[in-house]
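Input: a single structure, listed below in structure tokens.
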Protein chains: 2
Amino acid sequence: MSNAYNRPDQLSPELRRRVLDTARRLGYPGPDPVARSLRTRKAGAVGLLLTENLSYAFRDPAAIGFLEGLALACEDAGTGLLLVPANPEREDVASVHRAGVDGFVVYSVPDDDPHLAAVLERPVPTVVCDQPDLGTVDRVGIDDRGAMYELAKHLIGLGHRRIGVVCMRLARDRNDGFVTPDRQHAAHFHVQRNRLSGLAEAFSEAGVDWSQVPVVERFDHNMASGASGAAQVLDRDPQVTALICTSDVLALGAMTEAARRGLRVPHDITVTGFDGIRAGEEAGLTTVRQPVLEKGRAAGKLLLDTNERSRPRSVNLSTELIIGKTSGPPRGGAEERWFGP
Amino acid sequence: MSNAYNRPDQLSPELRRRVLDTARRLGYPGPDPVARSLRTRKAGAVGLLLTENLSYAFRDPAAIGFLEGLALACEDAGTGLLLVPANPEREDVASVHRAGVDGFVVYSVPDDDPHLAAVLERPVPTVVCDQPDLGTVDRVGIDDRGAMYELAKHLIGLGHRRIGVVCMRLARDRNDGFVTPDRQHAAHFHVQRNRLSGLAEAFSEAGVDWSQVPVVERFDHNMASGASGAAQVLDRDPQVTALICTSDVLALGAMTEAARRGLRVPHDITVTGFDGIRAGEEAGLTTVRQPVLEKGRAAGKLLLDTNERSRPRSVNLSTELIIGKTSGPPRGGAEERWFGP
DNA sequence: AATTGGTTCTGAACCGTTACGGTCCTTTCA
DNA sequence: TGAAAGGACCGTAACGGTTCAGAACCAATT
């Protein structure tokens with residue numbers, strides 16, 4: 001009787017001792033956690049669904065920050081954190097079905113991802129993060145659109161009108177190259193779609209024809225992609241005065257490419273990022289800082305808060321525009337370009 | 001009948017469709033993963049036990065590398081990775097008992113940690129990493145002692161005899177300060193014990209009285225600890241020509257402290273680390289590079305390889321001495337100290 | 001002595017699935 | 001035509017715990 005293990009008060013110390021003794025003698029390894037979970041309908045763990053290969057997440061500083069925050073929340077609650085393998089290339093959602101968890105956190109997956117759909121079919125609470133608001137499950141995010149709009153306004157104020165953009169993948173298919181406005185608009189990654197849309201709005205308001213702005217997409221998210229993306233933009237239009245990247249990692253890569261071409265930042269060209277990662281900070285990157293750790297923590301808190309009645313909830317965390325030393329007025333001054341090319 | 005879900009070949013398409021239809025109509029959410037795990041005796045996940053607060057692991061570059069490698073192996077095998085909360089301050093082992101997993105990976109916990117004991121009592125395969133060889137379970141590690149011995153030999157060859165050491169925590173209790181040889185010898189962290197012992201051996205062979213060498217311990221593992229540890233060593237003996245740190249993170253901190261004191265590295269003082277993390281590489285740190293990612297991957301492979309007959313296995317990965325630009329001969333040349341104090 | 005109250009202990013039901021063996025029906029071949 | 005073989009389908013028994021109802025026991029009260 002497993003009362004001996006879990007409810008020492010329900011039986012006499014004498015019997016408890018006897019039970020535990022014989023248990024040990026028979027080599028009983030203690031109550032089986034799975035059987036317990038079945039009966040109590042509590043798995044004692046939350047699942048985390050990441051878009052990327054599991055291992056890839058550990059390379060992205062923003063993802064690591066999110067993980068840290070989520071782990072923090074789980075730790076507080078004494079629950080485990082199950083990393084669910086969700087290979088984006090395979091359509092195999094078995095891993096989602098197999099996960100014995102009390103809830104899911106879904107972090108930045110494409111909105112048409114079959115794994116996401118599989119999660120939503122499971123009868124457990126779910127929190128989506130950096131995803132569109134589904135209205136049916138909790139959500140944590142930031143105002144990507146507004147933050148990027150503000151950053152764009154800063155650049156516009158400096159006088160930039162001829163810009164280029166390097167962004168992360170917009171859909172599940174690999175498309176390393178220029179992006180049509182259609183593809184931008186139909187992007188399946190909520191975060192990227194909104195950042196681009198914030199840019200488009202601000203620059204359109206400033207009289208820039210957005211359809212003419214070179215926007216380059218990169219599937220892999222690392223500095224090399226930022227560098228090659230920047231190169232592609234600069235090859236197309238060497239006259240751009242600012243390279244706007246939708247992440248700090250891409251921006252840092254773009255800066256190496258600028259350096260390789262002998263362009264001084266910000267004198268010859270302005271480079272901006274998004275996220276506010278440590279390495280960007282050290283480089284003095286102009287960027288939008290978002291509270292990645294808080295995002296993870298908020299997601300965990302929302303999921304583990306059993307207060308059902310108020311669902312679904314939506315949490316928007318605030319961001320901060322960081323004006324670093326990688327942004328400045330276009331070469332030759334702003335005025336020169338007032339009546340631009 | 002869940003055959004409809006899992007064994008489409010066992011029944012006619014017609015029946016399958018009918019079953020699935022009524023299932024949907026009745027709001028059946030698909031087979032319950034926990035019940036399945038109970039029946040099949042497979043949880044589809046491996047547990048990871050970390051010494052630190054879960055979230056803390058995401059701050060340590062070496063731990064992140066390990067996690068990445070382990071996640072990689074899990075991904076290949078299609079299993080989940082469950083981060084088990086193991087607050088080192090509480091003695092609460094319930095989280096270990098509650099974890100529904102097919103095996104455990106234990107990474108760098110003190111050898112007297114109750115969580116480790118709890119894992120070993122569970123009737124599932126276990127792989128320990130950066131731990132003493134228990135003889136009963138698989139092990140992955142490096143030759144910490146030999147690698148540190150080699151690094152010490154390099155410094156001795158340069159002429160260093162008067163050194164100081166900054167190391168990570170040696171036991172579960174907090175002891176920020178100097179370490180007696182006794183405590184070094186009795187250290188509960190296998191990795192730290194062996195690194196110190198490699199140092200002691202090499203310098204003893206070179207005629208240095210190890211009991212006189214200042215060894216400072218820091219409980220928290222971050223750059224600030226490295227800086228304050230270095231300060232404590234330099235306050236005790238401003239004449240040390242080399243600061244040997246048992247991790248790169250500590251070494252980077254030590255370098256900031258050296259800079260703060262106006263000491264040039266390596267001209268005025270030599271600083272060395274251990275791990276081979278990216279930030280250290282960028283700083284040109286002299287260190288021992290260890291394959292952290294491979295360690296994680298090897299641990300995962302060992303655990304997921306169902307070949308029972310060859311257990312327990314022990315894997316030693318190789319390390320590489322990296323001679324960077326933070327080590328050089330002691331100020332005033334090596335010869336001066338040949339007959340030194 | 002019978003009722004009441006309380007504690008300790010026992011047994012059975014249940015959680016939801018998969019494995020297994022048995023029934024039934026159809027097909028194949030002597 | 002009958003027996004054997006095979007496929008489709010179905011019912012049931014674990015898997016290993018937790019929970020809960022009620023039995024058994026003892027002590028105190030009426």
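Letters A, B, ... go to the chains of the structure tokens in the order shown; residues in each chain start at 1; ligands are counted from 1 in the same order.
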
Could you list, with a cut-off of 10 Å and counting only C-alpha atoms (C1' of nucleotides), the residues of chain D near chain B, each shown with its nearest atom pair and the distance in Å rounded to one decimal, rows sorted by chain and ascending number, as CSV?
```
residue,atom,partner,partner_atom,distance
D:DG7,C1',B:Gln10,CA,9.0
D:DA8,C1',B:Leu11,CA,6.3
D:DC9,C1',B:Leu11,CA,7.7
D:DC10,C1',B:Met1,CA,9.6
D:DA14,C1',B:Arg39,CA,8.5
D:DC15,C1',B:Arg39,CA,4.8
D:DG16,C1',B:Leu38,CA,7.9
```

Pair the Cα atoms of chain A and chain B in order, fit the first onto the second, and let me know the RMSD in Å.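 In short, the RMSD is 0.2 Å.
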
How would you write, as a PyMOL selection string, the set of residues in region 155-213 of chain A that DSSP gives as alpha helix (DSSP H)? chain A and resi 155-158+181-185+190-205

Find the residues near Ala57 (chain A): any atom within 10 Å, counting only C-alpha atoms (C1' of nucleotides), skip ones fewer than 4 places away on the same chain, and give them as number ranges by chain. A: 50-53, 61-64, 66-67; B: 68, 71

Output all heavy atoms of each residue in that selection to a file, as a PDB file, in the first residue's frame.
```pdb
ATOM      1  N   LEU A  50       9.050  24.091 -29.436  1.00  0.00           N
ATOM      2  CA  LEU A  50       9.870  25.086 -30.118  1.00  0.00           C
ATOM      3  C   LEU A  50       9.858  24.800 -31.601  1.00  0.00           C
ATOM      4  O   LEU A  50       9.836  23.640 -32.014  1.00  0.00           O
ATOM      5  CB  LEU A  50      11.308  25.016 -29.619  1.00  0.00           C
ATOM      6  CG  LEU A  50      11.589  25.539 -28.225  1.00  0.00           C
ATOM      7  CD1 LEU A  50      12.852  24.920 -27.683  1.00  0.00           C
ATOM      8  CD2 LEU A  50      11.731  27.047 -28.279  1.00  0.00           C
ATOM      9  N   THR A  51       9.892  25.840 -32.358  1.00  0.00           N
ATOM     10  CA  THR A  51       9.859  25.631 -33.795  1.00  0.00           C
ATOM     11  C   THR A  51      11.119  24.957 -34.301  1.00  0.00           C
ATOM     12  O   THR A  51      11.085  24.079 -35.131  1.00  0.00           O
ATOM     13  CB  THR A  51       9.680  26.971 -34.526  1.00  0.00           C
ATOM     14  OG1 THR A  51       9.765  26.716 -35.916  1.00  0.00           O
ATOM     15  CG2 THR A  51      10.777  27.933 -34.134  1.00  0.00           C
ATOM     16  N   GLU A  52      12.213  25.370 -33.769  1.00  0.00           N
ATOM     17  CA  GLU A  52      13.475  24.908 -34.322  1.00  0.00           C
ATOM     18  C   GLU A  52      13.792  23.508 -33.837  1.00  0.00           C
ATOM     19  O   GLU A  52      13.182  22.989 -32.928  1.00  0.00           O
ATOM     20  CB  GLU A  52      14.601  25.837 -33.876  1.00  0.00           C
ATOM     21  CG  GLU A  52      14.383  27.263 -34.241  1.00  0.00           C
ATOM     22  CD  GLU A  52      14.450  27.459 -35.735  1.00  0.00           C
ATOM     23  OE1 GLU A  52      14.876  26.525 -36.427  1.00  0.00           O
ATOM     24  OE2 GLU A  52      14.079  28.525 -36.207  1.00  0.00           O
ATOM     25  N   ASN A  53      14.813  22.935 -34.442  1.00  0.00           N
ATOM     26  CA  ASN A  53      15.370  21.755 -33.849  1.00  0.00           C
ATOM     27  C   ASN A  53      15.698  22.110 -32.407  1.00  0.00           C
ATOM     28  O   ASN A  53      16.218  23.187 -32.137  1.00  0.00           O
ATOM     29  CB  ASN A  53      16.654  21.350 -34.576  1.00  0.00           C
ATOM     30  CG  ASN A  53      16.378  20.994 -36.021  1.00  0.00           C
ATOM     31  OD1 ASN A  53      15.266  20.610 -36.350  1.00  0.00           O
ATOM     32  ND2 ASN A  53      17.376  21.130 -36.851  1.00  0.00           N
ATOM     33  N   PRO A  61      20.378  33.427 -28.496  1.00  0.00           N
ATOM     34  CA  PRO A  61      20.367  34.070 -27.182  1.00  0.00           C
ATOM     35  C   PRO A  61      18.967  34.419 -26.697  1.00  0.00           C
ATOM     36  O   PRO A  61      18.664  34.278 -25.503  1.00  0.00           O
ATOM     37  CB  PRO A  61      21.190  35.343 -27.406  1.00  0.00           C
ATOM     38  CG  PRO A  61      22.024  35.064 -28.596  1.00  0.00           C
ATOM     39  CD  PRO A  61      21.230  34.128 -29.455  1.00  0.00           C
ATOM     40  N   ALA A  62      18.106  34.845 -27.589  1.00  0.00           N
ATOM     41  CA  ALA A  62      16.752  35.208 -27.165  1.00  0.00           C
ATOM     42  C   ALA A  62      15.997  33.969 -26.694  1.00  0.00           C
ATOM     43  O   ALA A  62      15.296  33.996 -25.676  1.00  0.00           O
ATOM     44  CB  ALA A  62      16.000  35.884 -28.309  1.00  0.00           C
ATOM     45  N   ALA A  63      16.156  32.873 -27.409  1.00  0.00           N
ATOM     46  CA  ALA A  63      15.484  31.639 -27.022  1.00  0.00           C
ATOM     47  C   ALA A  63      16.006  31.145 -25.676  1.00  0.00           C
ATOM     48  O   ALA A  63      15.240  30.669 -24.833  1.00  0.00           O
ATOM     49  CB  ALA A  63      15.677  30.569 -28.085  1.00  0.00           C
ATOM     50  N   ILE A  64      17.294  31.298 -25.465  1.00  0.00           N
ATOM     51  CA  ILE A  64      17.874  30.871 -24.192  1.00  0.00           C
ATOM     52  C   ILE A  64      17.293  31.690 -23.053  1.00  0.00           C
ATOM     53  O   ILE A  64      16.944  31.153 -21.998  1.00  0.00           O
ATOM     54  CB  ILE A  64      19.411  30.996 -24.227  1.00  0.00           C
ATOM     55  CG1 ILE A  64      19.994  29.939 -25.153  1.00  0.00           C
ATOM     56  CG2 ILE A  64      19.985  30.833 -22.824  1.00  0.00           C
ATOM     57  CD1 ILE A  64      21.491  30.032 -25.314  1.00  0.00           C
ATOM     58  N   PHE A  66      14.421  33.095 -22.970  1.00  0.00           N
ATOM     59  CA  PHE A  66      13.041  32.640 -22.775  1.00  0.00           C
ATOM     60  C   PHE A  66      13.014  31.343 -21.971  1.00  0.00           C
ATOM     61  O   PHE A  66      12.258  31.200 -21.012  1.00  0.00           O
ATOM     62  CB  PHE A  66      12.373  32.427 -24.135  1.00  0.00           C
ATOM     63  CG  PHE A  66      10.961  31.941 -24.034  1.00  0.00           C
ATOM     64  CD1 PHE A  66       9.925  32.829 -23.810  1.00  0.00           C
ATOM     65  CD2 PHE A  66      10.669  30.604 -24.164  1.00  0.00           C
ATOM     66  CE1 PHE A  66       8.624  32.385 -23.707  1.00  0.00           C
ATOM     67  CE2 PHE A  66       9.372  30.140 -24.060  1.00  0.00           C
ATOM     68  CZ  PHE A  66       8.345  31.034 -23.834  1.00  0.00           C
ATOM     69  N   LEU A  67      13.851  30.420 -22.366  1.00  0.00           N
ATOM     70  CA  LEU A  67      13.959  29.144 -21.663  1.00  0.00           C
ATOM     71  C   LEU A  67      14.286  29.354 -20.196  1.00  0.00           C
ATOM     72  O   LEU A  67      13.718  28.712 -19.307  1.00  0.00           O
ATOM     73  CB  LEU A  67      15.070  28.305 -22.296  1.00  0.00           C
ATOM     74  CG  LEU A  67      14.648  27.296 -23.333  1.00  0.00           C
ATOM     75  CD1 LEU A  67      15.845  26.783 -24.097  1.00  0.00           C
ATOM     76  CD2 LEU A  67      13.932  26.147 -22.653  1.00  0.00           C
TER      77      LEU A  67
ATOM     78  N   GLU B  68      22.748  21.435 -25.338  1.00  0.00           N
ATOM     79  CA  GLU B  68      22.552  21.388 -26.779  1.00  0.00           C
ATOM     80  C   GLU B  68      22.884  20.002 -27.331  1.00  0.00           C
ATOM     81  O   GLU B  68      22.122  19.433 -28.108  1.00  0.00           O
ATOM     82  CB  GLU B  68      23.419  22.450 -27.460  1.00  0.00           C
ATOM     83  CG  GLU B  68      23.180  22.525 -28.950  1.00  0.00           C
ATOM     84  CD  GLU B  68      24.106  23.510 -29.631  1.00  0.00           C
ATOM     85  OE1 GLU B  68      24.658  24.396 -28.944  1.00  0.00           O
ATOM     86  OE2 GLU B  68      24.294  23.388 -30.851  1.00  0.00           O
ATOM     87  N   ALA B  71      20.250  17.539 -26.180  1.00  0.00           N
ATOM     88  CA  ALA B  71      19.008  17.749 -26.926  1.00  0.00           C
ATOM     89  C   ALA B  71      19.120  17.165 -28.330  1.00  0.00           C
ATOM     90  O   ALA B  71      18.173  16.592 -28.864  1.00  0.00           O
ATOM     91  CB  ALA B  71      18.678  19.233 -26.996  1.00  0.00           C
TER      92      ALA B  71
END
```

Please report as a PyMOL selection string which residues of chain C come no farther than 9 Å from chain B, using only C-alpha atoms (C1' of nucleotides). chain C and resi 15-18

Output file for the selection above: all heavy atoms, as a compact mmCIF listing (two decimals), in the first residue's frame:
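As written to disk, again.txt reads:
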```txt
# COMPACT_ATOMS: atom_id res chain seq x y z
P DC C 15 -12.89 5.69 -14.51
OP1 DC C 15 -13.97 6.68 -14.61
OP2 DC C 15 -12.95 4.45 -15.32
O5' DC C 15 -11.52 6.39 -14.86
C5' DC C 15 -10.86 7.26 -13.95
C4' DC C 15 -9.41 7.33 -14.34
O4' DC C 15 -8.68 6.33 -13.61
C3' DC C 15 -9.17 7.01 -15.81
O3' DC C 15 -9.12 8.21 -16.56
C2' DC C 15 -7.82 6.31 -15.82
C1' DC C 15 -7.58 5.90 -14.37
N1 DC C 15 -7.45 4.42 -14.13
C2 DC C 15 -6.38 3.94 -13.39
O2 DC C 15 -5.54 4.74 -12.98
N3 DC C 15 -6.28 2.60 -13.17
C4 DC C 15 -7.22 1.77 -13.65
N4 DC C 15 -7.08 0.47 -13.40
C5 DC C 15 -8.31 2.26 -14.41
C6 DC C 15 -8.39 3.57 -14.63
P DG C 16 -9.99 8.33 -17.89
OP1 DG C 16 -10.04 9.75 -18.25
OP2 DG C 16 -11.23 7.56 -17.74
O5' DG C 16 -9.08 7.58 -18.97
C5' DG C 16 -7.82 8.14 -19.28
C4' DG C 16 -7.05 7.16 -20.12
O4' DG C 16 -6.82 5.96 -19.36
C3' DG C 16 -7.77 6.72 -21.39
O3' DG C 16 -6.88 6.88 -22.45
C2' DG C 16 -8.12 5.26 -21.13
C1' DG C 16 -7.03 4.85 -20.18
N9 DG C 16 -7.36 3.74 -19.30
C8 DG C 16 -8.58 3.45 -18.75
N7 DG C 16 -8.55 2.39 -17.98
C5 DG C 16 -7.23 1.95 -18.02
C6 DG C 16 -6.60 0.85 -17.40
O6 DG C 16 -7.10 0.03 -16.63
N1 DG C 16 -5.25 0.77 -17.71
C2 DG C 16 -4.60 1.66 -18.54
N2 DG C 16 -3.30 1.43 -18.74
N3 DG C 16 -5.18 2.69 -19.15
C4 DG C 16 -6.48 2.79 -18.84
P DT C 17 -7.24 6.45 -23.94
OP1 DT C 17 -6.85 7.58 -24.79
OP2 DT C 17 -8.61 5.92 -24.02
O5' DT C 17 -6.22 5.27 -24.18
C5' DT C 17 -4.84 5.55 -24.09
C4' DT C 17 -4.06 4.31 -23.78
O4' DT C 17 -4.70 3.61 -22.71
C3' DT C 17 -4.00 3.31 -24.92
O3' DT C 17 -2.77 3.50 -25.60
C2' DT C 17 -4.04 1.95 -24.24
C1' DT C 17 -4.30 2.26 -22.77
N1 DT C 17 -5.37 1.46 -22.17
C2 DT C 17 -5.04 0.32 -21.49
O2 DT C 17 -3.91 -0.09 -21.37
N3 DT C 17 -6.11 -0.36 -20.95
C4 DT C 17 -7.44 0.00 -21.02
O4 DT C 17 -8.31 -0.68 -20.51
C5 DT C 17 -7.70 1.21 -21.76
C7 DT C 17 -9.12 1.69 -21.91
C6 DT C 17 -6.67 1.88 -22.29
P DT C 18 -2.62 2.81 -27.04
OP1 DT C 18 -1.56 3.56 -27.72
OP2 DT C 18 -3.94 2.63 -27.66
O5' DT C 18 -2.07 1.38 -26.65
C5' DT C 18 -0.81 1.28 -26.02
C4' DT C 18 -0.58 -0.15 -25.58
O4' DT C 18 -1.68 -0.60 -24.76
C3' DT C 18 -0.48 -1.15 -26.73
O3' DT C 18 0.56 -2.05 -26.38
C2' DT C 18 -1.84 -1.84 -26.74
C1' DT C 18 -2.18 -1.83 -25.25
N1 DT C 18 -3.63 -1.86 -24.90
C2 DT C 18 -4.05 -2.76 -23.96
O2 DT C 18 -3.31 -3.55 -23.41
N3 DT C 18 -5.40 -2.71 -23.68
C4 DT C 18 -6.33 -1.87 -24.24
O4 DT C 18 -7.50 -1.91 -23.91
C5 DT C 18 -5.82 -0.94 -25.22
C7 DT C 18 -6.74 0.02 -25.90
C6 DT C 18 -4.51 -0.99 -25.51
```

Leaving out Ala186 (chain B) and any residue of its chain fewer than 6 positions from it, which residues lie within 12 Å of it when counting only C-alpha atoms (C1' of nucleotides), given as a list in words?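 The neighbour list is Pro110, Asp111, Asp112, Leu170, Ala171, Arg172, Val179, Thr180, Gln192, Arg193, Asn194, Leu196 and Ser197 of chain B.
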